[in-house]
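Text of the file input-v9.cif, holding mmCIF, C-alpha atoms:
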```cif
data_target
#
loop_
_atom_site.label_atom_id
_atom_site.label_comp_id
_atom_site.auth_asym_id
_atom_site.auth_seq_id
_atom_site.Cartn_x
_atom_site.Cartn_y
_atom_site.Cartn_z
CA MET A 134 -0.48 3.86 -10.65
CA THR A 135 -2.51 3.46 -7.53
CA ILE A 136 -2.17 2.87 -3.86
CA PHE A 137 -4.24 0.05 -2.41
CA SER A 138 -3.88 0.11 1.33
CA LEU A 139 -1.87 1.09 4.39
CA TYR A 140 -1.21 -0.90 7.57
CA VAL A 141 0.55 0.32 10.70
CA TYR A 142 1.91 -2.11 13.29
CA ASP A 143 3.37 -1.25 16.66
CA ARG A 144 6.23 -2.88 18.51
CA HIS A 145 3.89 -5.41 20.14
CA CYS A 146 3.35 -6.88 16.67
CA THR A 147 -0.31 -5.89 16.56
CA CYS A 148 -2.07 -3.97 13.83
CA VAL A 149 -2.98 -0.55 15.17
CA TYR A 150 -4.22 1.16 12.04
CA TYR A 151 -5.58 0.25 8.63
CA GLN A 152 -6.80 2.28 5.69
CA ASP A 153 -7.53 1.39 2.11
CA TRP A 154 -8.25 3.21 -1.11
CA HIS A 155 -8.62 1.02 -4.10
CA ARG A 156 -9.00 -2.50 -2.93
CA THR A 157 -11.17 -4.48 -5.26
CA LYS A 158 -12.09 -6.99 -2.62
CA ALA A 159 -12.99 -5.48 0.70
CA PRO A 160 -11.58 -7.10 3.80
CA ARG A 161 -14.00 -9.17 5.75
CA PRO A 162 -14.83 -7.83 9.21
CA ALA A 163 -12.66 -9.36 11.86
CA ALA A 164 -13.94 -11.97 14.19
CA GLU A 165 -15.00 -10.38 17.43
CA GLY A 166 -12.05 -9.97 19.72
CA GLY A 167 -9.70 -10.63 16.83
CA ILE A 168 -8.48 -7.10 16.49
CA LEU A 169 -8.24 -4.13 18.76
CA PRO A 170 -10.85 -1.43 18.72
CA ALA A 171 -9.91 1.84 17.02
CA VAL A 172 -8.02 0.28 14.12
CA SER A 173 -10.53 1.00 11.42
CA GLN A 174 -14.24 1.49 11.48
CA GLN A 175 -14.69 -0.63 8.40
CA ILE A 176 -13.67 -3.82 10.01
CA TYR A 177 -14.39 -3.48 13.67
CA GLN A 178 -17.50 -5.19 14.83
CA PHE A 179 -19.25 -3.94 17.90
CA ARG A 180 -22.41 -4.93 19.65
CA GLY A 181 -25.24 -2.53 18.97
CA GLU A 182 -27.70 -1.76 21.72
CA ASP A 183 -29.97 -4.61 20.80
CA GLY A 184 -27.09 -7.04 21.16
CA THR A 185 -26.51 -7.79 17.49
CA LEU A 186 -23.12 -7.64 15.85
CA SER A 187 -22.68 -4.99 13.23
CA VAL A 188 -19.88 -3.10 11.56
CA ALA A 189 -19.62 0.51 12.62
CA ASN A 190 -20.22 2.50 9.46
CA SER A 191 -22.90 0.63 7.72
CA SER A 192 -25.50 -0.09 10.33
CA PRO A 193 -28.78 1.75 9.96
CA ARG A 194 -29.45 0.81 13.52
CA ASN A 195 -26.58 2.93 14.74
CA THR A 196 -28.17 4.38 17.77
CA LEU A 197 -25.15 6.33 18.86
CA SER A 198 -25.87 9.42 16.87
CA THR A 199 -29.00 11.39 16.12
CA SER A 200 -29.95 12.73 12.75
CA SER A 201 -28.92 16.20 13.76
CA GLY A 202 -25.34 15.04 13.49
CA VAL A 203 -24.42 15.39 17.15
CA VAL A 204 -22.98 12.36 18.83
CA VAL A 205 -25.07 11.68 21.89
CA ALA A 206 -23.36 8.67 23.35
CA VAL A 207 -19.86 7.45 22.75
CA ASN A 208 -18.40 4.32 24.17
CA ASP A 209 -14.69 4.01 24.62
CA ASP A 210 -14.26 1.81 21.63
CA LEU A 211 -15.31 4.08 18.82
CA PRO A 212 -12.94 6.85 17.84
CA ARG A 213 -14.07 10.16 19.28
CA SER A 214 -14.93 12.51 16.54
CA PRO A 215 -15.21 16.25 16.82
CA LEU A 216 -16.77 16.31 13.36
CA PRO A 217 -20.46 15.59 12.91
CA HIS A 218 -21.26 11.98 12.09
CA PRO A 219 -22.58 11.34 8.61
CA ILE A 220 -26.22 10.32 8.48
CA ALA A 221 -26.34 6.54 8.35
CA GLN A 222 -26.76 5.49 4.74
CA PRO A 223 -28.06 2.15 3.55
CA PRO A 224 -24.91 0.11 2.96
CA ALA A 225 -23.71 0.23 -0.65
CA PRO A 226 -23.22 -3.20 -2.23
CA LYS A 227 -19.69 -4.22 -1.31
CA PRO A 228 -17.42 -6.28 -3.53
CA VAL A 229 -16.90 -9.87 -2.49
CA SER A 230 -14.25 -10.26 0.14
CA THR A 231 -11.04 -12.23 -0.29
CA GLY A 232 -12.29 -14.85 2.09
CA LEU A 233 -9.76 -13.96 4.74
CA ALA A 234 -11.02 -12.22 7.84
CA PHE A 235 -9.17 -8.98 8.44
CA ASP A 236 -7.40 -10.06 11.57
CA GLU A 237 -5.99 -13.11 9.84
CA GLU A 238 -4.91 -11.03 6.91
CA ALA A 239 -3.19 -8.51 9.16
CA LYS A 240 -1.31 -11.29 10.90
CA LEU A 241 -0.25 -12.75 7.56
CA VAL A 242 1.06 -9.39 6.40
CA TYR A 243 3.02 -8.96 9.58
CA GLY A 244 4.36 -12.50 9.41
CA VAL A 245 5.56 -12.08 5.84
CA VAL A 246 7.28 -8.82 6.71
CA LEU A 247 8.97 -10.27 9.78
CA SER A 248 10.21 -13.38 7.99
CA LEU A 249 11.51 -11.40 5.06
CA ARG A 250 13.31 -9.03 7.38
CA ASN A 251 15.06 -11.88 9.18
CA MET A 252 15.96 -13.53 5.91
CA ILE A 253 17.50 -10.38 4.47
CA LYS A 254 19.41 -9.75 7.66
CA LYS A 255 20.82 -13.27 7.50
CA ILE A 256 21.80 -13.12 3.86
CA SER A 257 23.47 -9.77 3.93
CA GLY A 258 25.14 -10.35 7.26
CA ARG A 259 24.48 -6.80 8.33
CA ASP A 260 21.64 -5.24 10.23
CA GLU A 261 19.83 -4.39 7.05
CA GLN A 262 16.29 -3.35 6.24
CA PHE A 263 14.19 -5.00 3.63
CA THR A 264 12.57 -2.24 1.62
CA ASN A 265 9.95 -3.74 -0.67
CA TYR A 266 8.84 -6.77 -2.64
CA ARG A 267 6.88 -7.06 -5.84
CA THR A 268 4.46 -9.63 -7.20
CA SER A 269 2.61 -9.61 -10.49
CA THR A 270 -0.31 -7.63 -9.06
CA TYR A 271 0.97 -5.55 -6.16
CA LYS A 272 4.05 -4.15 -4.49
CA LEU A 273 4.51 -3.98 -0.74
CA HIS A 274 6.69 -1.24 0.79
CA LEU A 275 7.95 -1.21 4.35
CA TYR A 276 9.24 1.63 6.49
CA GLU A 277 10.28 0.89 10.03
CA THR A 278 10.92 3.52 12.67
CA ALA A 279 13.41 3.40 15.50
CA SER A 280 10.57 2.96 17.98
CA GLY A 281 9.40 -0.25 16.34
CA TYR A 282 6.45 1.09 14.37
CA LYS A 283 6.12 -0.45 10.94
CA PHE A 284 4.38 1.34 8.11
CA ILE A 285 3.38 -0.97 5.28
CA MET A 286 1.86 0.20 2.04
CA LEU A 287 0.54 -1.85 -0.87
CA SER A 288 0.62 -0.23 -4.29
CA ASP A 289 0.47 -1.37 -7.89
CA PRO A 290 3.57 -3.16 -9.16
CA SER A 291 4.93 -0.40 -11.36
CA ALA A 292 5.41 2.09 -8.53
CA ASP A 293 8.93 3.06 -7.52
CA SER A 294 9.92 2.74 -3.91
CA LEU A 295 7.33 4.48 -1.80
CA ARG A 296 9.49 4.55 1.30
CA PHE A 297 9.70 8.30 1.11
CA VAL A 298 5.90 8.47 1.20
CA LEU A 299 5.79 6.28 4.27
CA ARG A 300 8.48 8.40 5.83
CA GLN A 301 6.42 11.49 5.11
CA ILE A 302 3.37 9.89 6.66
CA TYR A 303 5.43 9.17 9.74
CA SER A 304 6.97 12.61 10.08
CA GLY A 305 3.75 14.42 9.15
CA PRO A 306 0.35 13.11 10.17
CA PHE A 307 1.63 10.41 12.51
CA LEU A 308 3.75 12.69 14.66
CA GLU A 309 1.17 15.45 14.59
CA TYR A 310 -2.04 13.57 15.26
CA VAL A 311 -0.97 10.44 17.02
CA VAL A 312 2.22 11.04 18.96
CA ARG A 313 1.34 14.57 19.99
CA ASN A 314 -2.29 13.70 20.66
CA PRO A 315 -2.85 13.29 24.40
CA LEU A 316 -6.05 11.32 23.83
CA THR A 317 -4.65 8.48 21.75
CA SER A 318 -3.10 5.79 23.85
CA MET A 319 0.01 4.74 21.95
CA ASP A 320 1.74 1.52 22.81
CA SER A 321 -1.32 0.22 24.63
CA LYS A 322 -2.26 -3.34 24.02
CA GLU A 323 -5.97 -2.62 23.93
CA HIS A 324 -6.43 0.20 21.48
CA GLY A 325 -5.47 1.09 17.96
CA ILE A 326 -4.60 4.62 16.92
CA ASP A 327 -7.47 5.47 14.65
CA ASN A 328 -8.66 9.03 14.94
CA GLU A 329 -10.45 11.37 12.60
CA TYR A 330 -7.63 13.86 12.08
CA PHE A 331 -5.03 11.22 11.37
CA ARG A 332 -7.29 9.42 8.94
CA THR A 333 -8.25 12.50 6.97
CA SER A 334 -4.75 13.90 6.82
CA VAL A 335 -3.30 10.59 5.61
CA ASP A 336 -6.10 10.42 3.07
CA ARG A 337 -5.36 13.93 1.87
CA MET A 338 -1.65 13.23 1.65
CA VAL A 339 -2.07 10.01 -0.30
CA LYS A 340 -4.60 11.44 -2.71
CA GLY A 341 -2.30 14.37 -3.35
CA LEU A 342 0.56 12.16 -4.46
CA SER A 343 1.53 12.07 -8.08
CA VAL A 344 1.58 8.27 -8.01
CA TYR A 345 -2.04 8.08 -6.93
CA GLN A 346 -4.64 7.40 -9.64
CA MET B 110 26.04 -4.19 -11.10
CA ALA B 111 27.02 -7.62 -9.91
CA ILE B 112 25.62 -11.06 -9.37
CA PHE B 113 26.07 -12.42 -5.88
CA GLY B 114 24.54 -15.85 -6.06
CA LEU B 115 22.06 -18.35 -7.46
CA TRP B 116 19.75 -20.78 -5.69
CA VAL B 117 17.57 -23.48 -7.21
CA ILE B 118 14.66 -24.64 -5.06
CA ASN B 119 12.55 -27.70 -5.88
CA LYS B 120 8.80 -27.79 -5.68
CA ALA B 121 8.78 -29.06 -2.11
CA GLY B 122 10.85 -26.11 -0.92
CA GLY B 123 14.19 -27.91 -0.60
CA LEU B 124 17.38 -26.33 -1.88
CA VAL B 125 18.88 -28.39 -4.73
CA TYR B 126 21.60 -26.06 -5.96
CA GLN B 127 23.40 -23.07 -4.53
CA LYS B 128 26.29 -21.02 -5.87
CA ASN B 129 28.03 -17.93 -4.55
CA CYS B 130 29.86 -15.60 -6.92
CA GLY B 131 32.05 -12.71 -5.99
CA ASP B 132 32.19 -11.46 -2.44
CA GLY B 133 29.26 -9.10 -2.32
CA LEU B 134 27.56 -11.18 0.34
CA PRO B 135 29.09 -13.13 3.21
CA GLY B 136 29.04 -16.89 2.85
CA LEU B 137 26.84 -18.94 5.12
CA THR B 138 26.94 -22.60 6.09
CA SER B 139 25.05 -25.01 3.89
CA ASN B 140 22.56 -25.60 6.69
CA GLU B 141 21.73 -21.94 6.77
CA TYR B 142 21.14 -21.90 3.03
CA LEU B 143 18.76 -24.83 3.39
CA VAL B 144 16.78 -22.98 6.06
CA LEU B 145 16.66 -19.78 4.03
CA ALA B 146 15.46 -21.61 0.94
CA GLY B 147 12.66 -23.24 2.90
CA THR B 148 11.66 -19.89 4.39
CA LEU B 149 11.62 -18.28 0.98
CA HIS B 150 9.44 -21.06 -0.37
CA GLY B 151 6.88 -20.40 2.35
CA ILE B 152 7.01 -16.63 1.93
CA HIS B 153 6.50 -16.97 -1.79
CA ALA B 154 3.31 -18.92 -1.18
CA ILE B 155 1.93 -16.43 1.34
CA THR B 156 2.61 -13.38 -0.81
CA SER B 157 0.25 -14.69 -3.46
CA ARG B 158 -2.57 -14.69 -0.90
CA LEU B 159 -2.13 -11.13 0.29
CA SER B 160 -3.05 -9.50 -2.95
CA PRO B 161 -5.57 -6.66 -2.58
CA ILE B 162 -6.98 -7.32 -6.02
CA GLY B 163 -7.64 -10.96 -6.38
CA SER B 164 -5.28 -13.68 -7.47
CA SER B 165 -1.64 -12.84 -7.83
CA SER B 166 1.62 -14.61 -8.49
CA GLY B 167 4.04 -15.01 -5.63
CA ALA B 168 6.78 -12.48 -4.97
CA GLN B 169 8.92 -11.84 -8.03
CA THR B 170 11.49 -9.45 -6.65
CA ILE B 171 12.50 -8.75 -3.07
CA GLU B 172 14.67 -5.76 -2.37
CA GLY B 173 16.94 -5.00 0.53
CA GLU B 174 19.30 -2.11 0.84
CA SER B 175 22.41 -3.74 -0.57
CA PHE B 176 21.04 -6.53 -2.73
CA LYS B 177 17.99 -7.71 -4.62
CA MET B 178 16.50 -11.18 -5.10
CA THR B 179 14.75 -12.05 -8.35
CA ILE B 180 12.60 -15.18 -8.37
CA LEU B 181 11.52 -17.17 -11.40
CA LEU B 182 8.79 -19.72 -10.73
CA THR B 183 8.51 -22.32 -13.48
CA ALA B 184 5.36 -24.17 -14.45
CA THR B 185 6.60 -27.29 -12.67
CA GLY B 186 7.08 -25.53 -9.33
CA THR B 187 10.85 -25.14 -9.42
CA LYS B 188 12.14 -21.76 -8.25
CA PHE B 189 15.26 -20.08 -9.54
CA VAL B 190 16.48 -17.31 -7.23
CA LEU B 191 19.16 -14.86 -8.33
CA LEU B 192 20.83 -12.54 -5.82
CA THR B 193 22.23 -9.39 -7.38
CA SER B 194 23.13 -5.82 -6.58
CA PRO B 195 20.07 -3.56 -6.30
CA ILE B 196 20.21 -2.12 -9.80
CA GLU B 197 20.71 -5.11 -12.04
CA PRO B 198 18.49 -4.72 -15.09
CA THR B 199 19.32 -8.10 -16.66
CA ALA B 200 18.24 -10.36 -13.81
CA ASP B 201 15.17 -11.70 -15.61
CA SER B 202 17.01 -12.60 -18.80
CA ILE B 203 19.80 -14.27 -16.81
CA LEU B 204 17.24 -16.37 -14.98
CA ALA B 205 15.67 -17.41 -18.28
CA LYS B 206 19.09 -18.57 -19.47
CA VAL B 207 19.67 -20.43 -16.20
CA TYR B 208 16.38 -22.23 -16.77
CA GLU B 209 17.55 -23.18 -20.23
CA ILE B 210 20.84 -24.53 -18.89
CA TYR B 211 18.92 -26.40 -16.18
CA SER B 212 16.67 -28.12 -18.67
CA ASP B 213 19.66 -29.00 -20.88
CA ALA B 214 22.19 -30.19 -18.33
CA VAL B 215 19.98 -31.47 -15.53
CA MET B 216 16.61 -32.55 -16.85
CA LYS B 217 18.03 -34.32 -19.87
CA ASN B 218 20.58 -36.14 -17.73
CA PRO B 219 19.35 -39.74 -17.34
CA PHE B 220 21.30 -40.17 -14.11
CA HIS B 221 19.71 -37.25 -12.35
CA THR B 222 16.77 -37.88 -10.01
CA PRO B 223 14.23 -35.10 -10.18
CA GLU B 224 13.86 -32.89 -7.10
CA MET B 225 17.17 -34.16 -5.72
CA PRO B 226 20.30 -32.02 -5.20
CA ILE B 227 22.06 -31.26 -8.46
CA ARG B 228 25.51 -32.82 -8.78
CA SER B 229 26.40 -32.25 -12.37
CA GLU B 230 29.70 -30.92 -13.65
CA GLY B 231 28.15 -29.86 -16.93
CA PHE B 232 25.59 -27.72 -15.14
CA ASP B 233 28.26 -26.23 -12.86
CA SER B 234 30.57 -25.27 -15.68
CA ARG B 235 27.85 -23.73 -17.82
CA ILE B 236 26.50 -21.73 -14.89
CA THR B 237 30.00 -20.49 -14.04
CA ALA B 238 30.45 -19.45 -17.65
CA LEU B 239 27.16 -17.56 -17.52
CA ILE B 240 27.39 -15.73 -14.21
CA GLY B 241 31.00 -16.02 -13.15
#
```

Before we go any further, please render this structure as structure tokens.
Amino acid sequence: MTIFSLYVYDRHCTCVYYQDWHRTKAPRPAAEGGILPAVSQQIYQFRGEDGTLSVANSSPRNTLSTSSGVVVAVNDDLPRSPLPHPIAQPPAPKPVSTGLAFDEEAKLVYGVVLSLRNMIKKISGRDEQFTNYRTSTYKLHLYETASGYKFIMLSDPSADSLRFVLRQIYSGPFLEYVVRNPLTSMDSKEHGIDNEYFRTSVDRMVKGLSVYQ
Amino acid sequence: MAIFGLWVINKAGGLVYQKNCGDGLPGLTSNEYLVLAGTLHGIHAITSRLSPIGSSSGAQTIEGESFKMTILLTATGTKFVLLTSPIEPTADSILAKVYEIYSDAVMKNPFHTPEMPIRSEGFDSRITALIG
């Protein structure tokens, strides 16, 4: 029983956060300009100082931090981190990607969720939420807040409804480290909500679940 | 534990059969059912592409708060969609029986054109006997 990934979308229908645990096929980095900065370091491409495109974590030419672990120069786009940066490692061989760039995949996920929600509302005649759907290899759970934030989690198909987990992520790490954080710009159309505290506390919460692993 | 309805969707995404049972869900106009069936056909295709671990089937169950949809995709591309209450454990076996009735009363009917709307009294009566 595992959890594969988590997406968060805001009310402007853009992906503002992404995290994954057990994906076999890593997402391909988004086309430049395709997604907002501060969604996830894995998939955000930025121009290094010599003008080449690279993905944040894996570049050995990351000139933004010294080997002593202190960040010497931060541009607005990378999440500010009070913790020391890890020493840049040579990139581990990554599994082959699905062939879909991340920004396209994020839009597909959002589109599926939106269409399903409208369909369910139409069929039931009431203002009803769709909770989850299952395929032969994964199960997608949705939790939507009153402010229009959508938390979407992909798990393996035998999991029970993980809405309570998403609700816990909302009322725990999200409220603590995103809403109450004066440095994250929520509801902006230019930035995601990635920050170190949020990421690690969601990671800790998910790994501590009984359904994980 | 109730069955609310049954849809049969052909391989192009068009609705060929639709039946409402009981009053768990409000009835919609036939146009609206056609639109919903087409939407579901598209969603089913997209869900197979979003899999985090390689190739996957399309969506098999879709749950809302007051009902659940179970989808059976046959090898020929026809979809059978059953709408039930959220905790209906027999949905898969009912769909298998519906497929059997479909192949008996519709496919073996020499006057039926494949992929066209189903207008067969035999099919209707057997489905009513099965799901009420």

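Once the PyMOL selection byres ((chain A) within 6 of (chain B)) is applied to this file, the selection holds Arg156, Thr157, Ser257, Gln262, Phe263, Thr264, Asn265, Tyr266, Arg267, Thr268, Ser269 and Thr270 of chain A.
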
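Each of A:Val246, A:Thr147, A:Tyr271, A:Asp153 was checked against Glu323 in chain A using all atoms listed in the file; the smallest atom-to-atom distance is that of A:Thr147.
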
Legend entry - Near-Phe189 in chain B list (9 Å; all atoms listed in the file; drop same-chain fewer than 5 positions) as a list in words: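 The residues that qualify are Leu115, Trp116, Val117, Ile118, Asn119, Thr179, Ile180, Leu181, Leu182, Thr183, Leu204, Val207 and Tyr208 of chain B.
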
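Atom pair CA of Arg144 in chain A / CA of His150 in chain B has a distance of 26.4 Å (rounded to one decimal).
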
Inset, instruction - Run the PyMOL selection byres ((chain B and resi 235) around 12) mentally over the shown coordinates, then write out the matched residues as a list in words, using the chain letters and numbers from the document. - result: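 Taken on the displayed file, the PyMOL selection byres ((chain B and resi 235) around 12) yields the residues Lys206, Val207, Tyr208, Glu209, Ile210, Tyr211, Asp213, Ala214, Val215, Ser229, Glu230, Gly231, Phe232, Asp233, Ser234, Ile236, Thr237, Ala238, Leu239, Ile240 and Gly241 of chain B.
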
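What separates CA of Ala292 in chain A from CA of Ile136 in chain A is a distance of 8.9 Å.
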
Legend entry - Spatial neighbours of Arg228 in chain B, 9 Å, only C-alpha atoms, chain gap at least 6 places, as a list in words: Val125, Tyr126, Val215 and His221 of chain B

Inset, instruction - Would you kindly translate the PyMOL selection byres ((chain A and resi 301) around 12) into the concrete residues it picks from this file, as a list in words? - result: Tyr276, Thr278, Phe284, Leu295, Arg296, Phe297, Val298, Leu299, Arg300, Ile302, Tyr303, Ser304, Gly305, Pro306, Phe307, Leu308, Glu309, Ser334, Val335, Met338, Val339 and Leu342 of chain A

Near Gly114 in chain B, within 8 Å and counting only C-alpha atoms, which residues show up once chain neighbours fewer than 5 positions away are dropped, as a PDB file with C-alpha atoms, keeping the file's coordinate frame?
```pdb
ATOM      1  CA  GLN B 127      23.400 -23.070  -4.530  1.00  0.00           C
ATOM      2  CA  LYS B 128      26.290 -21.020  -5.870  1.00  0.00           C
ATOM      3  CA  ASN B 129      28.030 -17.930  -4.550  1.00  0.00           C
ATOM      4  CA  CYS B 130      29.860 -15.600  -6.920  1.00  0.00           C
ATOM      5  CA  LEU B 191      19.160 -14.860  -8.330  1.00  0.00           C
ATOM      6  CA  LEU B 192      20.830 -12.540  -5.820  1.00  0.00           C
ATOM      7  CA  THR B 193      22.230  -9.390  -7.380  1.00  0.00           C
TER       8      THR B 193
END
```

Inset, instruction - Have a look at CA of Ser138 in chain A and CA of Leu316 in chain A and let me know their distance in Å, one decimal. - result: 25.2 Å

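Here the question is which of A:Asp260, A:Val311, A:Tyr140, A:Ala279 gets nearest to Asn328 in chain A using only C-alpha atoms, and that residue is A:Val311.
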
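Using only C-alpha atoms, the shortest contact distance between Glu329 in chain A and any of A:Tyr150, A:Ile256, A:Asp293, A:Asp143 is found at A:Tyr150.
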
Will you model N, CA, C and O atoms for range 179-196 of chain B and pass it back as a CSV table (one decimal), keeping the file's coordinate frame?
```csv
chain,number,residue,atom,x,y,z
B,179,THR,N,15.7,-11.9,-7.3
B,179,THR,CA,14.8,-12.0,-8.4
B,179,THR,C,14.4,-13.5,-8.4
B,179,THR,O,15.2,-14.4,-8.4
B,180,ILE,N,13.1,-13.8,-8.5
B,180,ILE,CA,12.6,-15.2,-8.4
B,180,ILE,C,11.9,-15.5,-9.6
B,180,ILE,O,11.0,-14.8,-10.1
B,181,LEU,N,12.3,-16.7,-10.2
B,181,LEU,CA,11.5,-17.2,-11.4
B,181,LEU,C,10.9,-18.5,-11.0
B,181,LEU,O,11.5,-19.4,-10.6
B,182,LEU,N,9.5,-18.5,-11.1
B,182,LEU,CA,8.8,-19.7,-10.7
B,182,LEU,C,8.4,-20.4,-12.0
B,182,LEU,O,7.7,-19.8,-12.8
B,183,THR,N,8.8,-21.6,-12.2
B,183,THR,CA,8.5,-22.3,-13.5
B,183,THR,C,7.2,-23.0,-13.3
B,183,THR,O,6.6,-23.1,-12.3
B,184,ALA,N,6.7,-23.5,-14.5
B,184,ALA,CA,5.4,-24.2,-14.4
B,184,ALA,C,5.4,-25.5,-13.6
B,184,ALA,O,4.3,-25.9,-13.2
B,185,THR,N,6.5,-26.0,-13.4
B,185,THR,CA,6.6,-27.3,-12.7
B,185,THR,C,6.8,-27.1,-11.2
B,185,THR,O,7.0,-28.0,-10.4
B,186,GLY,N,6.9,-25.8,-10.8
B,186,GLY,CA,7.1,-25.5,-9.3
B,186,GLY,C,8.5,-25.3,-8.9
B,186,GLY,O,8.8,-25.1,-7.7
B,187,THR,N,9.5,-25.4,-9.8
B,187,THR,CA,10.8,-25.1,-9.4
B,187,THR,C,11.1,-23.6,-9.4
B,187,THR,O,10.6,-22.9,-10.2
B,188,LYS,N,11.9,-23.2,-8.4
B,188,LYS,CA,12.1,-21.8,-8.2
B,188,LYS,C,13.6,-21.5,-8.5
B,188,LYS,O,14.5,-22.2,-7.9
B,189,PHE,N,13.9,-20.5,-9.3
B,189,PHE,CA,15.3,-20.1,-9.5
B,189,PHE,C,15.4,-18.7,-8.9
B,189,PHE,O,14.6,-17.8,-9.2
B,190,VAL,N,16.3,-18.6,-8.0
B,190,VAL,CA,16.5,-17.3,-7.2
B,190,VAL,C,17.8,-16.7,-7.5
B,190,VAL,O,18.9,-17.4,-7.4
B,191,LEU,N,17.9,-15.5,-8.0
B,191,LEU,CA,19.2,-14.9,-8.3
B,191,LEU,C,19.4,-13.7,-7.4
B,191,LEU,O,18.5,-12.9,-7.2
B,192,LEU,N,20.5,-13.7,-6.7
B,192,LEU,CA,20.8,-12.5,-5.8
B,192,LEU,C,21.8,-11.6,-6.5
B,192,LEU,O,22.9,-12.0,-7.0
B,193,THR,N,21.4,-10.4,-6.7
B,193,THR,CA,22.2,-9.4,-7.4
B,193,THR,C,22.3,-8.1,-6.6
B,193,THR,O,21.7,-7.9,-5.6
B,194,SER,N,23.1,-7.2,-7.1
B,194,SER,CA,23.1,-5.8,-6.6
B,194,SER,C,21.8,-5.2,-6.9
B,194,SER,O,21.1,-5.6,-7.8
B,195,PRO,N,21.4,-4.1,-6.2
B,195,PRO,CA,20.1,-3.6,-6.3
B,195,PRO,C,19.7,-3.1,-7.7
B,195,PRO,O,18.5,-3.1,-8.0
B,196,ILE,N,20.6,-2.6,-8.5
B,196,ILE,CA,20.2,-2.1,-9.8
B,196,ILE,C,20.8,-3.0,-10.9
B,196,ILE,O,21.7,-2.6,-11.5
```
